[in-house]
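Peer 1: After the structure tokens below, expect a handful of questions from me.
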Amino acid sequence: MKWYYPGAWHHTDQAGWLCSVDNNFQWRSRCDSTSGTNPCVYWSKAPPAAGSPQAVNWAPYFAQARGQLDGQAGQIGSAPPTKGVVNIPTCFWIDGQGIPDDRKLSVTVAGAPDAEGRQIYYTLLIDVAFVRAAWNFDDPHNDTANATPPTQCGQHNQLTAHQYVEISEARHPDQKYHVVAAEHYAITGEVYWTDSYGSHHQNVDSGLGDVVISTPDYPQYVGQIEAIPITPASP
């Protein structure tokens with residue numbers, strides 16, 4: 001309800017007691033009072049308050065959620081850990097991934113006051129969800145295929161394997177392949193609020209699209225099995 005506290009009652013022969021709402025004696029409402037006790041109070045119903053998820057600029061909150069991903073990429077592990085062999089799958093995985101599945105965040109923000117001074121409060125729920133890992137095996141033949149990890153590699157987060165056909169000695173000065181995993185995330189949001197028409201919720205676009213963070217380079221040596229000549233013992 002909207003309340004006014006005007007100056008005084010005023011009595012007329014035609015309408016009885018009326019409530020003056022300003023100094024110009026513009027009468028707004030008939031009152032039921034039979035006496036002119038001051039101050040009089042005039043009240044009227046305020047218009048409904050309607051909310052909208054666009055009432056708040058959510059971009060800074062999505063940007064904050066995006067910023068929390070920085071530094072959250074994991075570290076690559078491998079098997080064999082020191083020396084892989086050509087034509088045999090080398091296993092890779094990600095250890096210490098900051099968000100291996102998903103993370104939920106929430107923030108409550110007041111909308112701007114309306115003409116009556118009322119504010120609607122909005123709660124934004126943000127979901128940061130891991131989507132996939134894209135591997136760059138640094139293969140000189142541009143081979144990006146994932147091989148089936150041998151059972152000997154065990155169980156690891158984002159476990160994969162790659163089969164090199166060329167040794168790594170000519171690839172970089174350190175004679176190793178530099179493997180990188182790009183972690184892809186989706187950041188989505190949903191807004192909840194209550195106004196004069198009830199409770200509501202609606203999806204809101206984060207505007208961030210595909211969010212990618214990458215692991216540090218992982219140096220992996222890949223060689224070949226050398227035949228060792230054996231001289232038969234003399235009789």
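By convention in this document, the chains of the structure tokens carry letters A, B, ... by their order, each chain's residues are numbered from 1, and ligands are numbered from 1 in the order they are shown.
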Would you list the contacts of range 143-158 of chain A as JSON, numbers by chain, taking every protein, DNA or RNA residue within 6 Å and counting only C-alpha atoms, but skipping same-chain residues closer than 5 positions in sequence?

Peer 2: {"A": [91, 93, 94]}

Peer 1: Since we have the selection now, will you write its residues out, keeping C-alpha atoms, as a tab-separated table (two decimals), in the first residue's frame?

Peer 2:
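Resulting contents of part_7.tsv:
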chain	number	residue	atom	x	y	z
A	91	CYS	CA	48.78	-43.25	-21.57
A	93	TRP	CA	45.62	-38.32	-17.83
A	94	ILE	CA	44.92	-35.19	-15.78

Peer 1: Pick the closest to Ala59 in chain A from A:Asp174, A:Asp217, A:Asp205, A:Glu183: which is it, counting only C-alpha atoms?

Peer 2: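 Closest to Ala59 in chain A of all the choices is A:Asp205.
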
Peer 1: I need the residues of range 35-187 of chain A that end up classed as strand (DSSP E or B) by DSSP on the backbone, written out as a ChimeraX atom specification.

Peer 2: /A:42-44,75-79,84-85,90-95,102-110,121-136,147,160-162,177-187

Peer 1: Name the residues in contact with Ala65 in chain A at a cut-off of 9 Å, using only C-alpha atoms, excluding same-chain residues fewer than 5 positions from it; report them as a PyMOL selection string.

Peer 2: chain A and resi 60+105+126-128+187

Peer 1: For range 188-200 of chain A, find every residue with an atom within 9 Å (counting only C-alpha atoms), except residues of its own chain fewer than 2 positions away, and show them as a PDB file with C-alpha atoms, in the first residue's frame.

Peer 2:
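Generated output (result.pdb):
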ATOM      1  CA  PRO A  48       1.875  -4.229  -8.955  1.00  0.00           C
ATOM      2  CA  ALA A  49       5.637  -4.712  -8.939  1.00  0.00           C
ATOM      3  CA  ALA A  50       6.839  -6.817 -11.882  1.00  0.00           C
ATOM      4  CA  GLY A  51      10.335  -8.273 -12.052  1.00  0.00           C
ATOM      5  CA  SER A  52      12.529  -9.165 -15.002  1.00  0.00           C
ATOM      6  CA  PRO A  53      15.822 -11.099 -15.195  1.00  0.00           C
ATOM      7  CA  PHE A  62      29.569 -14.471 -14.912  1.00  0.00           C
ATOM      8  CA  ILE A 120      12.857  -6.962  -6.070  1.00  0.00           C
ATOM      9  CA  TYR A 121      15.648  -9.321  -5.052  1.00  0.00           C
ATOM     10  CA  TYR A 122      17.085 -11.669  -7.658  1.00  0.00           C
ATOM     11  CA  THR A 123      19.116 -14.812  -7.000  1.00  0.00           C
ATOM     12  CA  LEU A 124      21.440 -15.974  -9.769  1.00  0.00           C
ATOM     13  CA  LEU A 125      22.555 -19.610  -9.722  1.00  0.00           C
ATOM     14  CA  ILE A 126      25.678 -20.189 -11.824  1.00  0.00           C
ATOM     15  CA  ASP A 127      26.769 -23.650 -12.930  1.00  0.00           C
ATOM     16  CA  VAL A 128      30.366 -24.158 -14.088  1.00  0.00           C
ATOM     17  CA  ALA A 129      30.406 -27.584 -15.748  1.00  0.00           C
ATOM     18  CA  ALA A 186      30.275 -24.411 -20.012  1.00  0.00           C
ATOM     19  CA  GLN A 202      14.413 -18.083 -16.075  1.00  0.00           C
ATOM     20  CA  ASN A 203      17.634 -19.097 -17.797  1.00  0.00           C
ATOM     21  CA  VAL A 204      20.054 -16.290 -18.606  1.00  0.00           C
ATOM     22  CA  ASP A 205      22.847 -16.408 -21.165  1.00  0.00           C
ATOM     23  CA  SER A 206      26.323 -16.002 -19.692  1.00  0.00           C
ATOM     24  CA  GLY A 207      27.615 -14.739 -23.035  1.00  0.00           C
ATOM     25  CA  LEU A 208      30.847 -16.671 -22.473  1.00  0.00           C
TER      26      LEU A 208
END

Peer 1: Residues within 9 Å of range 70-81 of chain A, please, as a list in words. Count only C-alpha atoms; anything in the same chain fewer than 6 positions from it doesn't count.

Peer 2: Thr90, Cys91, Phe92, Trp93, Ile94, Asp95, Gly96, Gln97, Gly98, Ile99, Gln152, Cys153, Ala161, Val179, Val180, Ala181, Ala182, Glu183, Ile213, Ser214, Thr215, Pro216, Asp217, Tyr218, Gln220 and Tyr221 of chain A

Peer 1: In Å, how far is it from CA of Gly223 in chain A to CA of Ala133 in chain A?

Peer 2: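 It comes out at 25.9 Å.
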
Peer 1: Tell me, as a PyMOL selection string, which residues lie within 6 Å of Ser168 in chain A, counting only C-alpha atoms; anything in the same chain fewer than 2 positions away does not count.

Peer 2: chain A and resi 170-171+175-177+221-222

Peer 1: CA of Ala134 in chain A and CA of His172 in chain A, how far apart in Å?

Peer 2: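 Spanning CA of His172 in chain A to CA of Ala134 in chain A is a straight-line distance of 21.7 Å.
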
Peer 1: Calculated over only C-alpha atoms, which of the candidates A:Val211, A:Val86, A:Val165, A:Ala115 has the smallest distance to Pro47 in chain A?

Peer 2: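 Between A:Val211, A:Val86, A:Val165, A:Ala115, the residue approaching Pro47 in chain A most closely is A:Ala115.
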
Peer 1: Hey, can you check how far CA of Val109 in chain A sits from CA of Asp210 in chain A?

Peer 2: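 Spanning CA of Val109 in chain A to CA of Asp210 in chain A is a straight-line distance of 26.0 Å.
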